[in-house]
>>> print(open('run21.txt').read())   # compact mmCIF, C-alpha atoms
# COMPACT_ATOMS: atom_id res chain seq x y z
CA MET A 1 -36.16 -72.01 -68.70
CA LEU A 2 -37.54 -71.72 -65.20
CA THR A 3 -37.18 -74.92 -63.23
CA ASN A 4 -36.58 -76.30 -59.77
CA SER A 5 -33.86 -78.62 -61.11
CA PRO A 6 -30.42 -77.30 -62.11
CA THR A 7 -30.13 -79.95 -64.81
CA ASP A 8 -33.05 -78.40 -66.67
CA VAL A 9 -31.07 -75.23 -67.38
CA ILE A 10 -27.87 -76.86 -68.57
CA ASP A 11 -26.84 -75.42 -71.89
CA HIS A 12 -27.70 -77.46 -74.97
CA ASP A 13 -24.06 -77.38 -76.04
CA ARG A 14 -22.93 -79.37 -73.00
CA ARG A 15 -21.55 -82.24 -75.13
CA LYS A 16 -19.32 -79.85 -77.03
CA ILE A 17 -18.11 -78.17 -73.84
CA LEU A 18 -17.57 -81.48 -72.08
CA ALA A 19 -15.47 -82.76 -74.93
CA ALA A 20 -13.35 -79.63 -75.00
CA THR A 21 -12.90 -79.60 -71.24
CA ALA A 22 -11.96 -83.26 -71.07
CA LEU A 23 -9.21 -82.57 -73.58
CA GLY A 24 -7.92 -79.73 -71.43
CA ILE A 25 -8.82 -77.06 -73.97
CA THR A 26 -9.16 -73.63 -72.39
CA ILE A 27 -12.36 -71.70 -72.77
CA ALA A 28 -11.86 -67.95 -73.12
CA GLY A 29 -14.22 -65.53 -71.48
CA ALA A 30 -14.45 -62.40 -69.31
CA GLY A 31 -10.80 -61.63 -69.94
CA ASN A 32 -9.51 -64.83 -68.36
CA LEU A 33 -8.72 -68.38 -69.43
CA PHE A 34 -10.87 -71.02 -67.81
CA THR A 35 -10.53 -74.76 -67.66
CA SER A 36 -12.18 -77.54 -65.72
CA HIS A 37 -10.79 -81.02 -65.29
CA LEU A 38 -13.55 -83.57 -65.16
CA ALA A 39 -13.24 -86.58 -62.90
CA ALA A 40 -12.77 -89.86 -64.70
CA ALA A 41 -14.57 -92.06 -62.20
CA ALA A 42 -18.05 -93.21 -63.18
CA GLY A 43 -20.77 -91.38 -61.26
CA ASP A 44 -18.53 -88.37 -60.63
CA ALA A 45 -19.59 -86.45 -63.72
CA VAL A 46 -19.14 -82.69 -63.73
CA ARG A 47 -21.79 -81.22 -66.02
CA PRO A 48 -21.67 -77.72 -67.53
CA PHE A 49 -24.45 -75.35 -66.52
CA ARG A 50 -25.95 -72.09 -67.72
CA VAL A 51 -28.52 -69.80 -66.13
CA SER A 52 -31.65 -69.08 -68.15
CA PHE A 53 -35.12 -68.05 -67.01
CA PRO A 54 -38.10 -67.36 -69.29
CA ASP A 55 -39.51 -63.88 -69.65
CA GLU A 56 -42.76 -65.15 -68.13
CA ALA A 57 -41.06 -65.67 -64.79
CA LEU A 58 -39.96 -62.03 -64.68
CA VAL A 59 -43.37 -60.79 -65.84
CA ASP A 60 -44.96 -62.73 -62.99
CA LEU A 61 -42.42 -61.29 -60.52
CA HIS A 62 -43.19 -57.72 -61.56
CA ARG A 63 -46.92 -58.39 -61.45
CA ARG A 64 -46.63 -59.62 -57.88
CA VAL A 65 -44.53 -56.62 -56.84
CA ALA A 66 -47.12 -54.26 -58.32
CA ALA A 67 -49.91 -56.10 -56.50
CA THR A 68 -48.28 -55.83 -53.07
CA ARG A 69 -50.68 -54.99 -50.27
CA TRP A 70 -48.82 -52.52 -48.08
CA PRO A 71 -49.12 -52.28 -44.29
CA ASP A 72 -49.41 -49.10 -42.26
CA HIS A 73 -46.28 -47.09 -41.53
CA GLU A 74 -44.24 -48.11 -38.52
CA THR A 75 -45.30 -46.27 -35.38
CA VAL A 76 -41.79 -45.02 -34.61
CA ASN A 77 -39.44 -42.68 -36.45
CA ASP A 78 -36.60 -45.19 -36.77
CA ASP A 79 -35.92 -48.79 -37.82
CA SER A 80 -36.42 -50.36 -34.38
CA GLN A 81 -39.57 -52.14 -35.60
CA GLY A 82 -37.88 -53.57 -38.70
CA VAL A 83 -37.58 -52.67 -42.38
CA ARG A 84 -39.15 -49.26 -42.82
CA LEU A 85 -42.08 -48.86 -45.19
CA THR A 86 -40.40 -46.04 -47.10
CA THR A 87 -37.31 -48.18 -47.71
CA ILE A 88 -39.17 -51.22 -48.99
CA GLN A 89 -41.40 -49.09 -51.21
CA LYS A 90 -38.32 -47.50 -52.77
CA LEU A 91 -36.99 -51.00 -53.35
CA ALA A 92 -40.27 -52.01 -55.00
CA GLN A 93 -40.20 -48.99 -57.29
CA TYR A 94 -36.62 -49.72 -58.33
CA TRP A 95 -37.44 -53.39 -58.90
CA GLN A 96 -40.33 -52.44 -61.15
CA THR A 97 -38.67 -49.73 -63.19
CA ARG A 98 -34.87 -50.01 -63.15
CA HIS A 99 -33.55 -53.43 -62.19
CA ASP A 100 -32.51 -55.61 -65.13
CA TRP A 101 -32.14 -59.31 -64.32
CA SER A 102 -30.64 -60.03 -67.75
CA LYS A 103 -27.44 -58.20 -66.75
CA ILE A 104 -26.69 -60.42 -63.77
CA GLU A 105 -27.74 -63.50 -65.72
CA ALA A 106 -25.20 -62.60 -68.40
CA ARG A 107 -22.60 -61.91 -65.72
CA LEU A 108 -23.14 -65.34 -64.17
CA ASN A 109 -22.92 -66.97 -67.57
CA SER A 110 -19.63 -65.20 -68.31
CA PHE A 111 -18.01 -67.59 -65.83
CA PRO A 112 -17.80 -71.37 -66.24
CA GLN A 113 -20.46 -73.03 -64.10
CA PHE A 114 -20.99 -76.70 -63.39
CA VAL A 115 -23.16 -79.17 -61.49
CA THR A 116 -21.99 -82.40 -59.91
CA GLU A 117 -23.66 -84.92 -57.61
CA ILE A 118 -22.16 -85.50 -54.17
CA ASP A 119 -23.75 -87.60 -51.43
CA GLY A 120 -26.99 -87.86 -53.40
CA LEU A 121 -27.42 -84.13 -54.07
CA ASP A 122 -26.58 -81.94 -57.06
CA PHE A 123 -24.23 -79.07 -56.29
CA HIS A 124 -23.82 -76.04 -58.50
CA PHE A 125 -20.52 -74.19 -58.56
CA ILE A 126 -18.46 -71.65 -60.45
CA HIS A 127 -14.96 -72.87 -61.29
CA VAL A 128 -12.35 -70.45 -62.59
CA ARG A 129 -8.73 -71.45 -63.07
CA SER A 130 -6.08 -68.75 -63.23
CA LYS A 131 -3.83 -68.48 -66.26
CA HIS A 132 -0.90 -68.10 -63.87
CA LYS A 133 1.17 -71.10 -62.86
CA ASN A 134 1.14 -72.19 -59.23
CA ALA A 135 -2.18 -70.46 -58.48
CA LEU A 136 -3.49 -71.38 -55.04
CA PRO A 137 -6.85 -73.21 -55.22
CA MET A 138 -9.49 -71.77 -52.90
CA ILE A 139 -13.08 -72.85 -52.24
CA VAL A 140 -15.24 -69.88 -51.20
CA THR A 141 -18.58 -70.39 -49.44
CA HIS A 142 -21.39 -67.85 -49.13
CA GLY A 143 -23.97 -67.61 -46.33
CA TRP A 144 -27.55 -66.45 -45.77
CA PRO A 145 -29.08 -64.25 -47.10
CA GLY A 146 -26.34 -64.41 -49.67
CA SER A 147 -25.46 -66.50 -52.70
CA ILE A 148 -22.70 -66.97 -55.23
CA ILE A 149 -23.54 -63.44 -56.40
CA GLU A 150 -21.63 -62.21 -53.33
CA GLN A 151 -18.35 -63.46 -54.81
CA LEU A 152 -18.63 -62.32 -58.43
CA LYS A 153 -16.69 -59.09 -57.87
CA ILE A 154 -13.62 -60.89 -56.52
CA ILE A 155 -13.27 -63.56 -59.23
CA GLU A 156 -11.23 -61.61 -61.77
CA PRO A 157 -8.94 -59.80 -59.28
CA LEU A 158 -8.09 -63.08 -57.56
CA THR A 159 -7.66 -65.23 -60.67
CA ASN A 160 -5.96 -62.55 -62.80
CA PRO A 161 -4.07 -60.47 -60.22
CA THR A 162 -1.62 -58.86 -62.66
CA ALA A 163 -4.55 -56.98 -64.21
CA PHE A 164 -5.65 -55.72 -60.77
CA GLY A 165 -2.53 -54.41 -59.07
CA GLY A 166 -1.11 -57.73 -57.91
CA SER A 167 1.57 -60.12 -59.01
CA ALA A 168 1.37 -63.56 -60.58
CA SER A 169 2.31 -65.03 -57.20
CA ASP A 170 -1.01 -63.73 -55.81
CA ALA A 171 -3.11 -65.85 -58.17
CA PHE A 172 -5.90 -68.15 -57.03
CA ASP A 173 -7.97 -70.83 -58.72
CA LEU A 174 -11.52 -70.34 -57.44
CA VAL A 175 -14.29 -72.81 -56.70
CA ILE A 176 -17.50 -71.07 -55.59
CA PRO A 177 -20.34 -73.49 -54.76
CA SER A 178 -23.96 -72.85 -53.89
CA LEU A 179 -24.96 -74.29 -50.51
CA PRO A 180 -27.56 -77.10 -50.52
CA GLY A 181 -31.03 -75.62 -50.97
CA TYR A 182 -29.56 -72.34 -52.25
CA GLY A 183 -29.36 -70.94 -55.77
CA PHE A 184 -28.93 -73.64 -58.39
CA SER A 185 -27.85 -76.45 -56.07
CA GLY A 186 -30.27 -79.24 -55.36
CA LYS A 187 -32.86 -78.97 -52.59
CA PRO A 188 -32.49 -81.63 -49.90
CA THR A 189 -35.55 -83.86 -49.55
CA ALA A 190 -34.59 -85.11 -46.08
CA PRO A 191 -33.01 -83.50 -43.01
CA GLY A 192 -29.32 -83.65 -42.28
CA TRP A 193 -27.48 -81.21 -44.50
CA THR A 194 -25.53 -79.47 -41.73
CA PRO A 195 -22.15 -77.67 -41.92
CA PRO A 196 -20.14 -80.85 -41.13
CA ARG A 197 -21.85 -82.72 -43.97
CA ILE A 198 -21.42 -79.79 -46.34
CA ALA A 199 -17.75 -79.59 -45.34
CA ARG A 200 -17.28 -83.23 -46.35
CA ALA A 201 -19.03 -82.52 -49.67
CA TRP A 202 -16.68 -79.59 -50.34
CA ALA A 203 -13.65 -81.79 -49.69
CA THR A 204 -15.06 -84.31 -52.17
CA LEU A 205 -15.63 -81.54 -54.70
CA MET A 206 -12.06 -80.27 -54.46
CA GLN A 207 -10.72 -83.79 -54.82
CA ARG A 208 -13.01 -84.41 -57.79
CA LEU A 209 -11.66 -81.30 -59.49
CA GLY A 210 -8.15 -82.66 -59.15
CA TYR A 211 -6.78 -80.40 -56.42
CA THR A 212 -4.17 -81.96 -54.15
CA HIS A 213 -3.85 -78.90 -51.94
CA TYR A 214 -6.13 -75.91 -51.37
CA VAL A 215 -7.47 -73.38 -48.86
CA ALA A 216 -11.05 -72.54 -47.84
CA GLN A 217 -12.76 -69.21 -47.19
CA GLY A 218 -16.13 -68.19 -45.81
CA GLY A 219 -18.27 -65.88 -43.72
CA ASP A 220 -21.65 -66.52 -42.09
CA TRP A 221 -22.59 -70.14 -42.94
CA GLY A 222 -19.49 -70.14 -45.11
CA ASN A 223 -17.42 -69.74 -41.95
CA ALA A 224 -19.26 -72.61 -40.26
CA VAL A 225 -18.55 -74.83 -43.26
CA SER A 226 -14.91 -73.73 -43.54
CA GLU A 227 -14.28 -74.21 -39.81
CA ASN A 228 -15.80 -77.68 -40.01
CA MET A 229 -13.48 -78.44 -42.89
CA ALA A 230 -10.62 -77.34 -40.65
CA LEU A 231 -11.85 -79.66 -37.89
CA GLN A 232 -12.14 -82.58 -40.30
CA GLN A 233 -8.73 -81.82 -41.86
CA PRO A 234 -9.39 -83.48 -45.23
CA GLU A 235 -6.33 -84.36 -47.25
CA GLY A 236 -5.05 -81.30 -49.07
CA LEU A 237 -6.64 -78.57 -46.92
CA LEU A 238 -3.82 -76.22 -45.91
CA ALA A 239 -5.59 -73.35 -44.14
CA ILE A 240 -8.79 -71.33 -43.95
CA HIS A 241 -9.74 -67.67 -43.96
CA THR A 242 -12.80 -66.24 -42.25
CA ASN A 243 -14.46 -62.86 -42.31
CA MET A 244 -16.96 -63.83 -39.58
CA ALA A 245 -14.86 -65.80 -37.14
CA ALA A 246 -16.10 -67.96 -34.26
CA THR A 247 -13.93 -66.64 -31.43
CA VAL A 248 -16.25 -65.74 -28.53
CA PRO A 249 -14.71 -66.99 -25.26
CA ALA A 250 -16.80 -69.33 -23.12
CA ASP A 251 -17.26 -66.79 -20.30
CA VAL A 252 -18.40 -64.12 -22.77
CA SER A 253 -20.77 -66.54 -24.52
CA LYS A 254 -22.32 -67.46 -21.17
CA ALA A 255 -22.60 -63.83 -20.10
CA LEU A 256 -24.48 -62.90 -23.28
CA GLY A 257 -27.38 -64.89 -21.90
CA THR A 258 -27.50 -62.61 -18.85
CA GLY A 259 -26.82 -59.32 -20.59
CA ILE A 260 -24.11 -58.48 -18.03
CA ALA A 261 -20.66 -57.97 -19.54
CA PRO A 262 -17.74 -59.77 -17.87
CA ALA A 263 -15.27 -57.56 -16.04
CA GLY A 264 -11.90 -56.74 -17.52
CA LEU A 265 -12.79 -56.47 -21.21
CA SER A 266 -10.40 -54.39 -23.31
CA PRO A 267 -11.85 -51.58 -25.46
CA ASP A 268 -11.89 -53.83 -28.56
CA GLU A 269 -13.45 -56.65 -26.57
CA ARG A 270 -16.05 -54.31 -25.09
CA ARG A 271 -16.98 -53.10 -28.58
CA ALA A 272 -17.40 -56.71 -29.70
CA TRP A 273 -19.51 -57.39 -26.60
CA ASP A 274 -21.76 -54.41 -27.34
CA GLN A 275 -22.24 -55.53 -30.95
CA LEU A 276 -23.04 -59.11 -29.94
CA SER A 277 -25.32 -58.05 -27.11
CA ASP A 278 -27.33 -55.81 -29.41
CA PHE A 279 -27.57 -58.54 -32.07
CA PHE A 280 -28.80 -61.18 -29.61
CA LYS A 281 -31.33 -58.77 -28.10
CA ASN A 282 -32.62 -57.06 -31.23
CA GLY A 283 -31.38 -58.78 -34.37
CA LEU A 284 -31.84 -62.51 -33.97
CA GLY A 285 -35.53 -62.78 -34.82
CA TYR A 286 -35.04 -64.12 -38.35
CA ALA A 287 -32.65 -66.85 -37.15
CA ILE A 288 -34.96 -67.93 -34.32
CA GLU A 289 -37.82 -68.42 -36.77
CA MET A 290 -35.68 -70.34 -39.25
CA ASN A 291 -34.10 -72.39 -36.46
CA CYS A 292 -37.53 -73.43 -35.21
CA ARG A 293 -40.17 -73.21 -37.95
CA PRO A 294 -38.76 -72.57 -41.44
CA GLN A 295 -41.67 -74.27 -43.21
CA THR A 296 -44.04 -71.65 -41.81
CA LEU A 297 -42.50 -68.93 -44.00
CA TYR A 298 -44.96 -69.39 -46.88
CA GLY A 299 -45.40 -65.65 -47.22
CA ILE A 300 -41.85 -65.08 -48.44
CA VAL A 301 -42.34 -67.74 -51.13
CA ASP A 302 -45.56 -66.10 -52.36
CA SER A 303 -44.60 -62.42 -52.09
CA PRO A 304 -41.44 -60.93 -53.64
CA ILE A 305 -41.70 -57.92 -51.34
CA GLY A 306 -42.10 -60.18 -48.32
CA LEU A 307 -38.98 -62.05 -49.42
CA ALA A 308 -37.00 -58.84 -49.96
CA ALA A 309 -37.93 -57.42 -46.56
CA TRP A 310 -37.04 -60.72 -44.84
CA MET A 311 -33.63 -60.76 -46.53
CA LEU A 312 -32.88 -57.09 -45.84
CA ASP A 313 -33.47 -57.48 -42.11
CA HIS A 314 -30.42 -59.66 -41.44
CA ASP A 315 -28.28 -57.37 -39.30
CA ILE A 316 -28.73 -53.73 -38.45
CA ARG A 317 -25.57 -52.33 -40.05
CA SER A 318 -26.14 -54.18 -43.33
CA TYR A 319 -29.78 -53.10 -43.36
CA ARG A 320 -28.90 -49.44 -42.80
CA MET A 321 -26.25 -49.54 -45.53
CA ILE A 322 -28.81 -51.03 -47.94
CA ALA A 323 -31.45 -48.47 -46.91
CA ARG A 324 -28.99 -45.67 -47.62
CA SER A 325 -28.30 -47.13 -51.06
CA PHE A 326 -31.99 -46.85 -51.93
CA ASP A 327 -31.79 -43.22 -50.75
CA GLY A 328 -29.17 -42.63 -53.44
CA GLN A 329 -25.99 -42.91 -51.38
CA LYS A 330 -23.17 -44.86 -53.01
CA GLU A 331 -21.55 -47.15 -50.50
CA GLY A 332 -21.16 -50.88 -50.13
CA LEU A 333 -23.97 -52.55 -52.05
CA SER A 334 -25.96 -50.87 -54.79
CA PRO A 335 -29.72 -51.30 -55.34
CA ASP A 336 -28.90 -53.56 -58.28
CA ASP A 337 -26.62 -55.71 -56.11
CA VAL A 338 -29.39 -56.17 -53.57
CA LEU A 339 -32.07 -56.97 -56.14
CA ASP A 340 -29.82 -59.31 -58.11
CA ASN A 341 -29.57 -61.46 -55.00
CA VAL A 342 -33.23 -61.26 -53.98
CA THR A 343 -34.32 -62.03 -57.54
CA LEU A 344 -32.09 -65.11 -57.56
CA TYR A 345 -33.82 -66.41 -54.43
CA TRP A 346 -37.20 -65.63 -56.00
CA LEU A 347 -36.61 -67.24 -59.39
CA THR A 348 -35.09 -70.38 -57.87
CA ASN A 349 -37.83 -70.60 -55.19
CA THR A 350 -35.25 -71.18 -52.48
CA ALA A 351 -36.60 -69.01 -49.66
CA ILE A 352 -37.66 -71.98 -47.54
CA SER A 353 -35.16 -74.56 -48.77
CA SER A 354 -32.33 -72.19 -47.80
CA ALA A 355 -33.92 -71.48 -44.40
CA ARG A 356 -33.87 -75.17 -43.54
CA LEU A 357 -30.10 -75.01 -43.06
CA TYR A 358 -30.89 -73.20 -39.80
CA TRP A 359 -33.35 -75.88 -38.69
CA ASP A 360 -31.08 -78.76 -39.64
CA THR A 361 -28.18 -77.22 -37.73
CA ALA A 362 -30.31 -76.42 -34.67
CA GLN A 363 -31.22 -80.10 -34.31
CA VAL A 364 -27.60 -81.08 -33.65
CA ALA A 365 -25.97 -77.88 -32.37
CA LYS A 366 -24.05 -78.20 -29.12
CA GLY A 367 -22.87 -74.62 -28.81
CA GLY A 368 -23.36 -71.09 -30.06
CA PHE A 369 -22.68 -70.00 -33.63
CA PHE A 370 -19.72 -67.87 -32.53
CA ASP A 371 -18.29 -70.29 -29.94
CA VAL A 372 -14.68 -71.43 -30.30
CA ARG A 373 -14.42 -74.77 -32.13
CA GLY A 374 -10.79 -75.67 -31.43
CA LEU A 375 -9.17 -75.50 -34.86
CA GLN A 376 -5.64 -76.82 -35.17
CA ILE A 377 -4.72 -75.77 -38.72
CA PRO A 378 -3.60 -72.31 -39.91
CA VAL A 379 -6.36 -69.70 -39.84
CA ALA A 380 -6.49 -66.13 -41.20
CA VAL A 381 -8.99 -63.57 -39.88
CA SER A 382 -10.24 -60.33 -41.42
CA ALA A 383 -12.28 -58.40 -38.85
CA PHE A 384 -14.47 -55.98 -40.79
CA PRO A 385 -15.87 -53.16 -38.63
CA ASP A 386 -19.56 -53.49 -39.56
CA GLU A 387 -19.81 -57.28 -39.25
CA ILE A 388 -22.21 -58.67 -36.63
CA TYR A 389 -19.22 -58.33 -34.34
CA GLN A 390 -15.70 -57.16 -35.10
CA VAL A 391 -13.44 -59.91 -33.82
CA PRO A 392 -10.85 -58.61 -31.34
CA GLN A 393 -7.30 -59.77 -32.01
CA SER A 394 -7.04 -61.08 -28.45
CA TRP A 395 -9.99 -63.43 -29.04
CA ALA A 396 -8.68 -64.54 -32.43
CA GLU A 397 -5.28 -65.41 -30.98
CA LYS A 398 -6.87 -67.57 -28.28
CA ALA A 399 -9.38 -69.24 -30.62
CA TYR A 400 -6.87 -70.06 -33.35
CA PRO A 401 -3.48 -71.21 -32.03
CA LYS A 402 -2.13 -71.19 -35.59
CA LEU A 403 -3.32 -67.70 -36.51
CA VAL A 404 -1.34 -66.68 -39.60
CA HIS A 405 -3.02 -63.36 -40.36
CA TYR A 406 -5.21 -60.85 -38.52
CA ASN A 407 -6.31 -57.48 -39.81
CA ARG A 408 -9.04 -54.90 -39.21
CA PRO A 409 -9.95 -53.39 -42.61
CA ALA A 410 -11.08 -49.77 -42.58
CA LYS A 411 -14.59 -50.48 -43.83
CA GLY A 412 -16.94 -53.29 -44.75
CA GLY A 413 -19.58 -55.42 -43.12
CA HIS A 414 -21.34 -58.76 -43.29
CA PHE A 415 -21.08 -59.08 -47.09
CA ALA A 416 -17.41 -58.12 -47.21
CA ALA A 417 -16.45 -59.55 -50.61
CA TRP A 418 -19.57 -58.02 -52.14
CA GLU A 419 -19.40 -54.64 -50.39
CA GLN A 420 -15.66 -54.02 -50.45
CA PRO A 421 -14.14 -56.30 -53.09
CA ALA A 422 -10.83 -54.41 -53.33
CA LEU A 423 -10.22 -54.64 -49.59
CA PHE A 424 -11.33 -58.25 -49.56
CA VAL A 425 -8.90 -59.12 -52.36
CA GLU A 426 -6.07 -57.45 -50.42
CA GLU A 427 -6.98 -59.59 -47.43
CA MET A 428 -6.93 -62.81 -49.46
CA ARG A 429 -3.51 -61.98 -50.89
CA ALA A 430 -2.05 -61.17 -47.47
CA SER A 431 -3.76 -64.02 -45.61
CA PHE A 432 -2.21 -66.89 -47.53
CA LYS A 433 1.32 -65.59 -48.28
CA SER A 434 2.87 -67.80 -45.60
CA VAL A 435 0.74 -70.74 -46.71
CA ARG A 436 1.98 -70.43 -50.30
CA LYS A 437 5.58 -70.56 -49.05
CA SER A 438 4.89 -73.89 -47.32
CA ILE A 439 3.70 -75.64 -50.50
>>> encode(input="run21.txt", output="structure tokens")
Amino acid sequence: MLTNSPTDVIDHDRRKILAATALGITIAGAGNLFTSHLAAAAGDAVRPFRVSFPDEALVDLHRRVAATRWPDHETVNDDSQGVRLTTIQKLAQYWQTRHDWSKIEARLNSFPQFVTEIDGLDFHFIHVRSKHKNALPMIVTHGWPGSIIEQLKIIEPLTNPTAFGGSASDAFDLVIPSLPGYGFSGKPTAPGWTPPRIARAWATLMQRLGYTHYVAQGGDWGNAVSENMALQQPEGLLAIHTNMAATVPADVSKALGTGIAPAGLSPDERRAWDQLSDFFKNGLGYAIEMNCRPQTLYGIVDSPIGLAAWMLDHDIRSYRMIARSFDGQKEGLSPDDVLDNVTLYWLTNTAISSARLYWDTAQVAKGGFFDVRGLQIPVAVSAFPDEIYQVPQSWAEKAYPKLVHYNRPAKGGHFAAWEQPALFVEEMRASFKSVRKSI
């Protein structure tokens, strides 16, 4: 049923599942074997969870889409003013006539999902253990405007590598949580849920699940959380991987405020500068609003089309890839991918609660999002070409003194695991080979 509380959609068979899980019985599904070890300590309960929304919620969504009041066309023949009217109307038509939420709901429910309380807040997560011995545990964190849906395509290849061109030694156990205020996690009722606090919660989660060693992965806010985990160095954290690294040198960060590039940049560094400069000049509007006034965004809570347009306009290369998908081109994300994610935000009413992560972070931030943080543990970097900026190897080497892997995949952007799951899986396998040897 539709609810603001994750506990309201926990499956009625939770007692049966809890009993089986506590006994270590494996639960078969989606071609893999899944188990979850529940913590024994009182107050650390890990509760099973299933996604279920009533038909009425989807009827209301479609009614609102149909009732959209459209603006005039943009006054230019490009996307310089934002999401183009033709694009968003194609999205609306697809949403009304072709998108099927039940498919993604069933997909989510094919994986074991749980909720547990940490630091006073319920956190939702997917937890999939590999059937292979010595699998490397990894906690994977999404960003905005993403969700756990971003990671669904990589679960089976990473947990069951022998069925996807890999070897048993490539196996991972995966923990994929929803950020606070996102998806099925609880919504904070007070300020303060910043990346350092989330990082501490993730360390608690991994400990609660019984992992004595693990790695962390993330892009966007997921990178901020993973890098904060690396700074905190909780017991058991071996290394991190990032697909949106924070490597911008101090002189470059300062120069971005002037718009004048520093002298002596290499070709790769100049390309990164151009990408960053364009983003800060033309693409940062959504973040500025959410940094400053997230509560003002009532329109995206009341209008599905308003929400979709707001989420599409994250970065120019992602937006253009999505626009092409609604024109019928097959690349990166499909229309169903996009609408699965937007519909999740709509049904969970998390447009504003997710935006508050920007505001909370802005209250305590001491540097830029891409500024070097000074990590001292092993770090792996995948620099996808269509990310907000493609990290140059020279910057990565300076930012991460223990850089264990750097690669520039041939294609992919901000939603790398979602857009290019095969390439992303290759990166995960390569990134942590040296880390596995050290265990």
>>> closest_residue(input="run21.txt", among="A:Ala309, A:Ala45, A:Val379, A:Ala416", to="Ala246 (chain A)", atoms="all atoms listed in the file")
A:Val379
>>> closest_residue(input="run21.txt", among="A:Ser325, A:Gln363, A:Thr247, A:Asn77", to="Tyr389 (chain A)", atoms="all atoms listed in the file")
A:Thr247
>>> closest_residue(input="run21.txt", among="A:Met428, A:Val381, A:Leu121, A:Leu179", to="Glu397 (chain A)", atoms="all atoms listed in the file")
A:Val381
>>> closest_residue(input="run21.txt", among="A:Val140, A:Leu276, A:Val175, A:Leu307", to="Ala261 (chain A)", atoms="all atoms listed in the file")
A:Leu276
>>> residues_around(input="run21.txt", residues="Leu375 (chain A)", least_positions_apart="6", cutoff="7 Å", atoms="only C-alpha atoms", output="ChimeraX atom specification")
/A:230-231,400
